[in-house]
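Participant: I'm passing along coords.cif; it holds mmCIF, C-alpha atoms.
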```cif
data_my_file
#
loop_
_atom_site.label_atom_id
_atom_site.label_comp_id
_atom_site.auth_asym_id
_atom_site.auth_seq_id
_atom_site.Cartn_x
_atom_site.Cartn_y
_atom_site.Cartn_z
CA MET A 1 -5.59 17.39 -63.57
CA THR A 2 -8.19 20.04 -62.92
CA VAL A 3 -6.80 23.15 -61.26
CA CYS A 4 -9.10 24.10 -58.41
CA ASN A 5 -9.01 27.11 -56.15
CA ILE A 6 -10.81 28.46 -53.15
CA VAL A 7 -11.37 32.17 -53.55
CA ILE A 8 -12.21 34.08 -50.38
CA ILE A 9 -14.46 36.98 -51.31
CA ASP A 10 -15.74 37.85 -47.84
CA THR A 11 -13.98 38.63 -44.54
CA GLY A 12 -16.43 36.42 -42.58
CA PRO A 13 -14.88 32.99 -43.31
CA LEU A 14 -11.36 34.27 -42.62
CA LYS A 15 -12.39 35.68 -39.26
CA THR A 16 -14.39 32.56 -38.37
CA LEU A 17 -11.37 30.38 -39.08
CA ALA A 18 -9.14 32.81 -37.17
CA TYR A 19 -11.38 32.72 -34.09
CA SER A 20 -11.72 28.93 -34.32
CA GLY A 21 -7.94 28.65 -33.99
CA ARG A 22 -7.65 26.67 -37.24
CA ILE A 23 -7.00 29.26 -39.94
CA ASP A 24 -3.98 27.12 -40.84
CA ILE A 25 -6.37 24.63 -42.45
CA LEU A 26 -6.38 26.91 -45.50
CA LEU A 27 -2.80 25.79 -46.17
CA ASN A 28 -3.75 22.14 -45.98
CA CYS A 29 -7.16 21.91 -47.64
CA GLY A 30 -6.04 20.27 -50.86
CA VAL A 31 -6.38 23.24 -53.20
CA SER A 32 -4.74 26.64 -53.48
CA VAL A 33 -6.39 29.62 -51.81
CA GLN A 34 -6.82 33.10 -53.21
CA ILE A 35 -7.99 36.05 -51.15
CA SER A 36 -9.58 39.10 -52.75
CA ASP A 37 -7.52 42.28 -52.37
CA MET A 38 -10.61 44.05 -51.03
CA VAL A 39 -11.03 41.40 -48.34
CA VAL A 40 -7.42 42.02 -47.25
CA GLN A 41 -8.16 45.75 -47.17
CA GLU A 42 -11.31 45.20 -45.07
CA ILE A 43 -9.33 42.99 -42.71
CA LYS A 44 -6.78 45.80 -42.33
CA ASN A 45 -9.57 48.29 -41.68
CA GLY A 46 -10.79 46.31 -38.66
CA LEU A 47 -7.57 45.63 -36.80
CA GLN A 48 -9.20 46.60 -33.50
CA PHE A 49 -10.65 43.07 -33.58
CA LEU A 50 -8.50 40.11 -32.61
CA GLY A 51 -9.84 37.99 -35.48
CA ASN A 52 -8.69 40.55 -38.03
CA ARG A 53 -5.23 40.68 -36.51
CA ILE A 54 -4.90 36.87 -36.55
CA ALA A 55 -6.16 36.74 -40.15
CA LEU A 56 -3.79 39.48 -41.33
CA THR A 57 -0.78 37.86 -39.68
CA PHE A 58 -1.71 34.57 -41.33
CA ILE A 59 -2.06 36.20 -44.76
CA GLU A 60 1.22 38.11 -44.51
CA GLU A 61 3.12 35.02 -43.35
CA ASN A 62 1.76 32.76 -46.06
CA ILE A 63 1.59 34.80 -49.25
CA GLY A 64 3.36 32.72 -51.86
CA LYS A 65 3.14 29.62 -49.66
CA GLY A 66 -0.30 28.46 -50.78
CA ILE A 67 -2.03 31.79 -50.32
CA SER A 68 -2.24 34.40 -53.07
CA ILE A 69 -4.07 37.67 -53.56
CA ALA A 70 -6.77 38.00 -56.23
CA LYS A 71 -6.60 41.50 -57.62
CA THR A 72 -9.78 43.43 -58.30
CA ASP A 73 -8.13 46.87 -58.20
CA VAL A 74 -10.99 48.15 -56.07
CA PRO A 75 -9.03 49.14 -52.90
CA PRO A 76 -7.26 52.12 -54.54
CA ILE A 77 -10.59 53.54 -55.69
CA ALA A 78 -12.64 52.50 -52.69
CA GLU A 79 -13.22 56.08 -51.52
CA GLN A 80 -14.31 57.21 -54.96
CA LEU A 81 -16.76 54.30 -55.18
CA ALA A 82 -18.13 55.08 -51.73
CA ALA A 83 -18.66 58.71 -52.79
CA LEU A 84 -20.67 57.39 -55.73
CA LYS A 85 -22.70 55.33 -53.23
CA VAL A 86 -21.23 52.08 -54.61
CA ASP A 87 -20.19 49.63 -51.91
CA PRO A 88 -16.50 48.84 -52.57
CA GLY A 89 -16.89 45.33 -51.15
CA ASP A 90 -19.82 44.56 -53.43
CA GLU A 91 -18.01 46.04 -56.41
CA SER A 92 -14.90 43.93 -55.81
CA ILE A 93 -17.04 40.77 -55.55
CA ARG A 94 -18.88 41.68 -58.74
CA ARG A 95 -15.61 42.22 -60.58
CA LEU A 96 -14.05 39.05 -59.24
CA ILE A 97 -16.98 36.80 -60.07
CA LYS A 98 -17.24 38.28 -63.57
CA MET A 99 -13.52 37.75 -64.08
CA LEU A 100 -13.60 34.14 -62.84
CA ASP A 101 -16.73 33.22 -64.74
CA GLU A 102 -15.38 34.59 -67.98
CA SER A 103 -11.99 32.98 -67.59
CA THR A 104 -11.15 30.25 -70.07
CA ASP A 105 -8.26 28.71 -68.16
CA GLY A 106 -10.25 25.59 -67.27
CA LYS A 107 -9.91 26.20 -63.55
CA GLU A 108 -12.69 25.57 -61.05
CA TYR A 109 -13.42 27.93 -58.19
CA ALA A 110 -15.19 27.59 -54.86
CA LEU A 111 -16.14 31.05 -53.59
CA LEU A 112 -15.88 31.09 -49.82
CA VAL A 113 -18.50 33.42 -48.34
CA SER A 114 -20.40 34.04 -45.10
CA GLU A 115 -23.67 32.27 -44.46
CA ASP A 116 -25.65 35.48 -44.51
CA ASP A 117 -24.25 36.68 -47.82
CA GLN A 118 -27.06 37.55 -50.19
CA LEU A 119 -24.92 36.19 -53.03
CA MET A 120 -25.90 32.79 -51.70
CA LYS A 121 -29.38 33.40 -53.04
CA THR A 122 -28.03 33.88 -56.55
CA GLU A 123 -28.44 30.95 -58.87
CA TRP A 124 -24.94 30.39 -60.21
CA THR A 125 -23.90 28.03 -62.91
CA GLY A 126 -20.55 27.41 -64.51
CA ILE A 127 -17.14 26.97 -62.98
CA THR A 128 -17.77 28.80 -59.74
CA PHE A 129 -19.93 27.84 -56.77
CA PHE A 130 -20.51 29.20 -53.30
CA LEU A 131 -19.14 27.51 -50.23
CA THR A 132 -19.59 28.63 -46.65
CA THR A 133 -17.31 27.93 -43.72
CA ARG A 134 -19.45 25.20 -42.16
CA PRO A 135 -19.55 22.77 -45.15
CA PHE A 136 -15.89 23.62 -45.81
CA LEU A 137 -15.00 22.47 -42.29
CA MET A 138 -17.38 19.48 -42.52
CA GLU A 139 -15.46 18.25 -45.57
CA MET A 140 -12.16 18.86 -43.76
CA GLN A 141 -13.54 16.77 -40.88
CA ASP A 142 -14.40 13.92 -43.28
CA LEU A 143 -10.85 14.09 -44.61
CA GLY A 144 -9.50 13.87 -41.06
CA LYS A 145 -7.93 17.32 -41.17
CA VAL A 146 -9.99 18.77 -38.33
CA SER A 147 -11.49 16.84 -35.45
CA ASP A 148 -14.96 18.41 -35.08
CA ALA A 149 -16.29 21.01 -37.53
CA GLU A 150 -19.32 21.99 -35.46
CA SER A 151 -17.20 22.47 -32.36
CA LEU A 152 -14.87 24.77 -34.29
CA MET A 153 -17.83 26.83 -35.52
CA GLN A 154 -19.11 27.19 -31.95
CA THR A 155 -15.66 28.12 -30.65
CA ALA A 156 -15.40 30.78 -33.36
CA GLU A 157 -18.79 32.28 -32.50
CA ILE A 158 -18.04 32.50 -28.80
CA ALA A 159 -14.53 33.86 -29.39
CA ALA A 160 -15.82 36.48 -31.83
CA ILE A 161 -18.38 37.73 -29.33
CA ALA A 162 -15.81 37.82 -26.55
CA ALA A 163 -13.18 39.55 -28.69
CA GLY A 164 -15.63 42.03 -30.12
CA GLU A 165 -16.71 43.14 -26.64
CA GLY A 166 -20.15 43.20 -28.15
CA PRO A 167 -22.88 45.60 -27.13
CA GLY A 168 -25.19 44.71 -24.29
CA ARG A 169 -28.90 45.16 -23.91
CA GLY A 170 -28.33 48.75 -22.90
CA GLN A 171 -26.95 49.59 -26.30
CA LEU A 172 -29.77 47.72 -28.00
CA LYS A 173 -32.31 49.89 -26.22
CA ARG A 174 -30.30 53.07 -26.54
CA LYS A 175 -29.90 52.70 -30.29
CA ARG A 176 -33.60 52.11 -30.67
CA GLU A 177 -34.50 55.23 -28.75
CA TRP A 178 -31.86 57.67 -29.85
CA ASN A 179 -30.74 56.46 -33.18
CA SER A 180 -33.80 55.05 -34.79
CA PRO A 181 -32.83 53.47 -38.10
CA PRO A 182 -34.38 54.79 -41.29
CA ARG A 183 -37.43 52.81 -42.30
CA GLU A 184 -37.86 51.53 -45.80
CA ASN A 185 -41.21 53.17 -46.25
CA THR A 186 -41.43 56.64 -44.81
CA ARG A 187 -44.64 57.50 -46.59
CA VAL A 188 -47.22 58.84 -44.15
CA LEU A 189 -50.19 56.60 -44.35
CA PRO A 190 -53.73 57.85 -43.88
CA LEU A 191 -55.07 56.94 -40.48
CA ARG A 192 -58.42 55.51 -39.75
CA LYS A 193 -59.92 54.66 -36.43
CA LEU A 194 -60.69 51.16 -35.39
CA GLN A 195 -63.49 50.79 -32.90
CA ILE A 196 -63.68 47.69 -30.77
CA GLU A 197 -67.09 47.16 -29.26
CA ASP A 198 -68.08 45.59 -25.95
CA ASP A 199 -69.15 42.42 -27.68
CA GLY A 200 -65.75 42.03 -29.30
CA SER A 201 -66.91 43.05 -32.78
CA GLU A 202 -65.01 45.68 -34.74
CA SER A 203 -65.90 48.65 -36.85
CA ASP A 204 -63.81 51.39 -38.36
CA GLU A 205 -64.74 55.01 -38.45
CA TYR A 206 -63.17 55.69 -41.82
CA SER A 207 -65.17 53.29 -43.89
CA GLY A 208 -68.04 52.74 -41.54
CA VAL A 209 -67.92 49.08 -42.43
CA ARG A 210 -68.61 46.67 -39.62
CA PRO A 211 -66.87 43.43 -40.54
CA ARG A 212 -68.23 40.13 -39.42
CA ASP A 213 -66.28 38.54 -36.59
CA MET B 1 -64.42 40.22 -16.68
CA SER B 2 -65.95 43.31 -18.24
CA ASN B 3 -64.78 44.77 -21.52
CA THR B 4 -64.28 48.42 -22.39
CA ASN B 5 -64.41 50.05 -25.80
CA PHE B 6 -61.39 51.99 -26.94
CA THR B 7 -60.34 53.73 -30.12
CA VAL B 8 -56.94 53.53 -31.76
CA ALA B 9 -55.55 55.22 -34.87
CA ILE B 10 -54.09 52.72 -37.32
CA PRO B 11 -52.61 53.35 -40.78
CA ASP B 12 -55.13 52.44 -43.44
CA ASP B 13 -52.85 49.95 -45.20
CA LEU B 14 -51.85 48.29 -41.94
CA LEU B 15 -55.48 47.86 -40.89
CA THR B 16 -56.39 46.28 -44.21
CA ALA B 17 -53.36 43.97 -44.12
CA ALA B 18 -54.07 43.03 -40.50
CA LYS B 19 -57.67 42.13 -41.36
CA VAL B 20 -56.51 39.94 -44.23
CA MET B 21 -53.93 38.24 -41.99
CA ALA B 22 -56.55 37.73 -39.28
CA ALA B 23 -58.98 36.19 -41.77
CA LYS B 24 -56.25 33.89 -43.13
CA SER B 25 -55.40 32.82 -39.59
CA GLY B 26 -59.05 32.11 -38.79
CA THR B 27 -59.17 34.69 -36.04
CA SER B 28 -60.35 38.26 -35.51
CA LEU B 29 -58.48 41.52 -35.29
CA ASN B 30 -60.01 41.98 -31.88
CA SER B 31 -58.51 38.72 -30.69
CA ILE B 32 -55.08 39.56 -32.11
CA ILE B 33 -54.97 42.95 -30.40
CA ARG B 34 -56.13 41.43 -27.12
CA ASN B 35 -53.36 38.81 -27.33
CA LEU B 36 -50.70 41.40 -28.18
CA LEU B 37 -51.74 43.56 -25.24
CA ASP B 38 -51.82 40.54 -22.98
CA GLY B 39 -48.25 39.64 -24.06
CA PHE B 40 -47.07 43.21 -23.59
CA VAL B 41 -48.56 43.53 -20.10
CA ASN B 42 -47.77 40.07 -18.77
CA TYR B 43 -44.51 39.20 -20.48
CA GLY B 44 -42.99 42.58 -21.28
CA SER B 45 -42.92 41.75 -24.95
CA ALA B 46 -44.00 44.08 -27.69
CA PRO B 47 -44.59 43.49 -31.38
CA LEU B 48 -41.27 43.53 -33.21
CA SER B 49 -40.32 46.90 -34.55
CA GLY B 50 -37.32 49.10 -35.19
CA ASN B 51 -33.99 47.46 -34.45
CA TYR B 52 -35.57 44.19 -33.35
CA GLU B 53 -37.34 43.88 -36.68
CA ILE B 54 -34.09 44.44 -38.58
CA LEU B 55 -32.27 41.90 -36.41
CA LEU B 56 -35.04 39.34 -36.89
CA LYS B 57 -34.91 39.79 -40.67
CA TYR B 58 -31.13 39.36 -40.54
CA SER B 59 -31.50 36.28 -38.38
CA LEU B 60 -34.01 34.79 -40.83
CA GLY B 61 -31.73 35.53 -43.77
CA GLN B 62 -34.19 38.02 -45.27
CA ILE B 63 -31.64 40.84 -45.40
CA ALA B 64 -27.86 40.77 -45.80
CA GLY B 65 -25.48 41.47 -42.95
CA LYS B 66 -24.13 44.54 -44.71
CA ARG B 67 -27.60 46.03 -44.98
CA ALA B 68 -28.36 45.27 -41.34
CA ILE B 69 -25.07 46.88 -40.27
CA LYS B 70 -25.93 50.00 -42.26
CA SER B 71 -29.51 50.18 -41.00
CA LEU B 72 -28.43 49.81 -37.37
CA HIS B 73 -25.48 52.21 -37.72
CA LEU B 74 -23.05 49.56 -36.51
CA GLU B 75 -19.33 49.31 -37.15
CA SER B 76 -18.85 45.67 -38.01
CA ASP B 77 -20.34 42.20 -38.38
CA VAL B 78 -18.94 41.36 -34.95
CA GLU B 79 -21.18 44.04 -33.44
CA LEU B 80 -24.10 42.88 -35.55
CA ASN B 81 -23.75 39.27 -34.42
CA ALA B 82 -23.38 40.32 -30.80
CA LEU B 83 -26.49 42.48 -31.07
CA THR B 84 -28.43 39.68 -32.77
CA ILE B 85 -27.61 37.30 -29.94
CA GLN B 86 -28.39 39.97 -27.32
CA ALA B 87 -31.79 40.42 -28.94
CA GLY B 88 -32.42 36.71 -28.49
CA PHE B 89 -32.27 35.71 -32.17
CA PRO B 90 -30.06 32.97 -33.61
CA LEU B 91 -27.36 33.89 -36.09
CA PRO B 92 -28.33 33.29 -39.72
CA ARG B 93 -27.81 29.80 -40.99
CA VAL B 94 -28.25 28.12 -44.31
CA SER B 95 -30.37 24.97 -44.33
CA LEU B 96 -28.91 21.51 -43.66
CA GLN B 97 -29.68 20.53 -47.24
CA GLU B 98 -27.86 23.57 -48.63
CA ASN B 99 -24.90 22.76 -46.37
CA GLU B 100 -24.87 19.18 -47.62
CA ASP B 101 -25.12 20.30 -51.27
CA MET B 102 -22.18 22.70 -50.85
CA LYS B 103 -20.13 20.05 -49.06
CA GLN B 104 -20.87 17.53 -51.81
CA ARG B 105 -19.84 19.98 -54.54
CA PHE B 106 -16.66 20.84 -52.62
CA HIS B 107 -15.93 17.13 -52.16
CA GLN B 108 -16.25 16.56 -55.92
CA MET B 109 -13.99 19.51 -56.59
CA LEU B 110 -11.30 18.12 -54.28
CA GLU B 111 -11.56 14.75 -56.03
CA ARG B 112 -11.06 16.41 -59.41
CA ALA B 113 -8.10 18.35 -58.01
CA GLU B 114 -6.42 15.07 -56.97
CA LYS B 115 -6.83 13.38 -60.36
#
```
Now that the file is in, can you turn its structure into structure tokens?
Facilitator:
Amino acid sequence: MTVCNIVIIDTGPLKTLAYSGRIDILLNCGVSVQISDMVVQEIKNGLQFLGNRIALTFIEENIGKGISIAKTDVPPIAEQLAALKVDPGDESIRRLIKMLDESTDGKEYALLVSEDDQLMKTEWTGITFFLTTRPFLMEMQDLGKVSDAESLMQTAEIAAIAAGEGPGRGQLKRKREWNSPPRENTRVLPLRKLQIEDDGSESDEYSGVRPRD
Amino acid sequence: MSNTNFTVAIPDDLLTAAKVMAAKSGTSLNSIIRNLLDGFVNYGSAPLSGNYEILLKYSLGQIAGKRAIKSLHLESDVELNALTIQAGFPLPRVSLQENEDMKQRFHQMLERAEK
């Protein structure tokens, strides 16, 4: 028998399942589930959100009953890492993947991540592979363990927005005006003037070249 | 309708890139600017920039959520997703094929776990 595990290395899937109302599926998915210690810490850091509170309650109630914690030892040094401009979340994922990939225990791991995780773009071979919440729920639907995967995903999205009391258009505009984000390229570029003529043709003052239309 | 000449200051690199893009698209810079102005005046839309540009890149999967959160000075992914939807962009998705591939691999893993 191959020992298989789901390892949750991102808070996203936990919160999605929490908001969908079916986080309990993790106890009945056919394999054991490990949650990174840094993910638990990040969940605890966001307890103002309902999804985090549901996820934390679920974790605390089910440790040792199908749910276990994967230790990366990052949480105790998270502040030090942040001071060194190393993202503690990224560091814990890096450590965990390295540890799993180098393990020789013959186990197989599905790494549960969010759909927008840039790790998804990494070509990964070996005993680990990435899995997002949607295909996870689609497989659970095929196995008859949930009724409608897509409906659960939609419920989770709507519930997350509602619970997060998300910003409105006012904040979108305000942030743009008052808190303009840093741009990647702050180099001041040389300006040149573009002249548009009556006939629709163009010329630029800098080079004096008059391109063909 | 009569036309009027006007002069605008454009970064050198941007002008060059815009000319290349215009040529590739089989149109002129003049036409592109006229269309952008028409959209701005008639539909209240402006070329994407600032926060909208970051949210679009996030929506298209070009940048990670963490980076978008940092760039926009947000607190959490919940705020980021709310802002993305408020801006009119869909939340990032992986392709149907990638979903199917992951599901298939997960299915095989569960089968191995049962044996």
Participant: From the list A:Pro88, A:Gly12, A:Gly30, A:Gly106, which residue is nearest Phe106 (chain B) when using only C-alpha atoms?
Facilitator: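 Checking each of A:Pro88, A:Gly12, A:Gly30, A:Gly106 against Phe106 (chain B), counting only C-alpha atoms, the winner is A:Gly30.
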Participant: Point out the residue among A:Ile23, A:Ile6, A:Ala70, A:Leu56 with the least atom-to-atom distance to chain B, counting only C-alpha atoms.
Facilitator: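 Looking only at the distances to chain B, the closest residue turns out to be A:Ile6.
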Participant: Could you check how far CA of Asp105 (chain A) sits from CA of Val31 (chain A), in Å to one decimal?
Facilitator: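 Going from CA of Asp105 (chain A) over to CA of Val31 (chain A), I get 16.0 Å.
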Participant: To verify the selection step, state as a ChimeraX atom specification which residues the PyMOL selection byres ((chain A and resi 13) around 7) yields on this input.
Facilitator: /A:10-12,14-17,112-114,133
Participant: Taking 2 positions as the minimum chain separation for residues in the same chain, which residues sit within 7 Å of region 59-61 of chain B when counting only C-alpha atoms? Answer as a PyMOL selection string.
Facilitator: (chain A and resi 116) or (chain B and resi 55-57+63-64+89-92)
Participant: Taking the file as shown, find all residues satisfying the PyMOL selection byres ((chain B) within 7 of (chain A)) and write them as a VMD selection string.
Facilitator: chain B and resid 3 to 12 28 30 50 to 51 61 64 to 65 71 to 72 78 to 79 82 to 83 86 92 to 94 99 to 100 102 to 103 107 109 to 110 112 to 113 115
Participant: Between CA of Glu150 (chain A) and CA of Met38 (chain A), what is the spacing in Å?
Facilitator: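 Here the two named atoms are 28.4 Å from each other.
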Participant: Just to confirm, what's the straight-line distance from CA of Ser76 (chain B) to CA of Ser95 (chain B) in Å (one decimal)?
Facilitator: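 Separation of CA of Ser76 (chain B) and CA of Ser95 (chain B): 24.5 Å.
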Participant: I need the residue nearest Glu60 (chain A) from this list: A:Val7, A:Ala83, A:Ile35, A:Ala159. Use all atoms listed in the file for the distance.
Facilitator: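 Closest residue, counting all atoms listed in the file: A:Ile35.
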Participant: Using all atoms listed in the file, collect all residues at a distance of at most 12 Å from (-16.5, 43.2, -58.7) as written in the file, then present them as an MDAnalysis selection string.
Facilitator: chainID A and resid 9 36:39 70:75 78 81 86:101
Participant: How would you write, as a PDB file with C-alpha atoms, keeping the file's coordinate frame, the residues chosen by the PyMOL selection byres ((chain A and resi 68) around 9) on this structure?
Facilitator:
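Produced file out23.pdb, reproduced below:
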```
ATOM      1  CA  SER A  32      -4.740  26.640 -53.480  1.00  0.00           C
ATOM      2  CA  VAL A  33      -6.390  29.620 -51.810  1.00  0.00           C
ATOM      3  CA  GLN A  34      -6.820  33.100 -53.210  1.00  0.00           C
ATOM      4  CA  ILE A  35      -7.990  36.050 -51.150  1.00  0.00           C
ATOM      5  CA  SER A  36      -9.580  39.100 -52.750  1.00  0.00           C
ATOM      6  CA  ILE A  59      -2.060  36.200 -44.760  1.00  0.00           C
ATOM      7  CA  ASN A  62       1.760  32.760 -46.060  1.00  0.00           C
ATOM      8  CA  ILE A  63       1.590  34.800 -49.250  1.00  0.00           C
ATOM      9  CA  GLY A  64       3.360  32.720 -51.860  1.00  0.00           C
ATOM     10  CA  LYS A  65       3.140  29.620 -49.660  1.00  0.00           C
ATOM     11  CA  GLY A  66      -0.300  28.460 -50.780  1.00  0.00           C
ATOM     12  CA  ILE A  67      -2.030  31.790 -50.320  1.00  0.00           C
ATOM     13  CA  ILE A  69      -4.070  37.670 -53.560  1.00  0.00           C
ATOM     14  CA  ALA A  70      -6.770  38.000 -56.230  1.00  0.00           C
TER      15      ALA A  70
END
```
Participant: With all atoms listed in the file as the atoms that count, which of A:Ser20, A:Leu111, A:Gly144, A:Gln154 lies nearest to Ile8 (chain A)?
Facilitator: A:Leu111
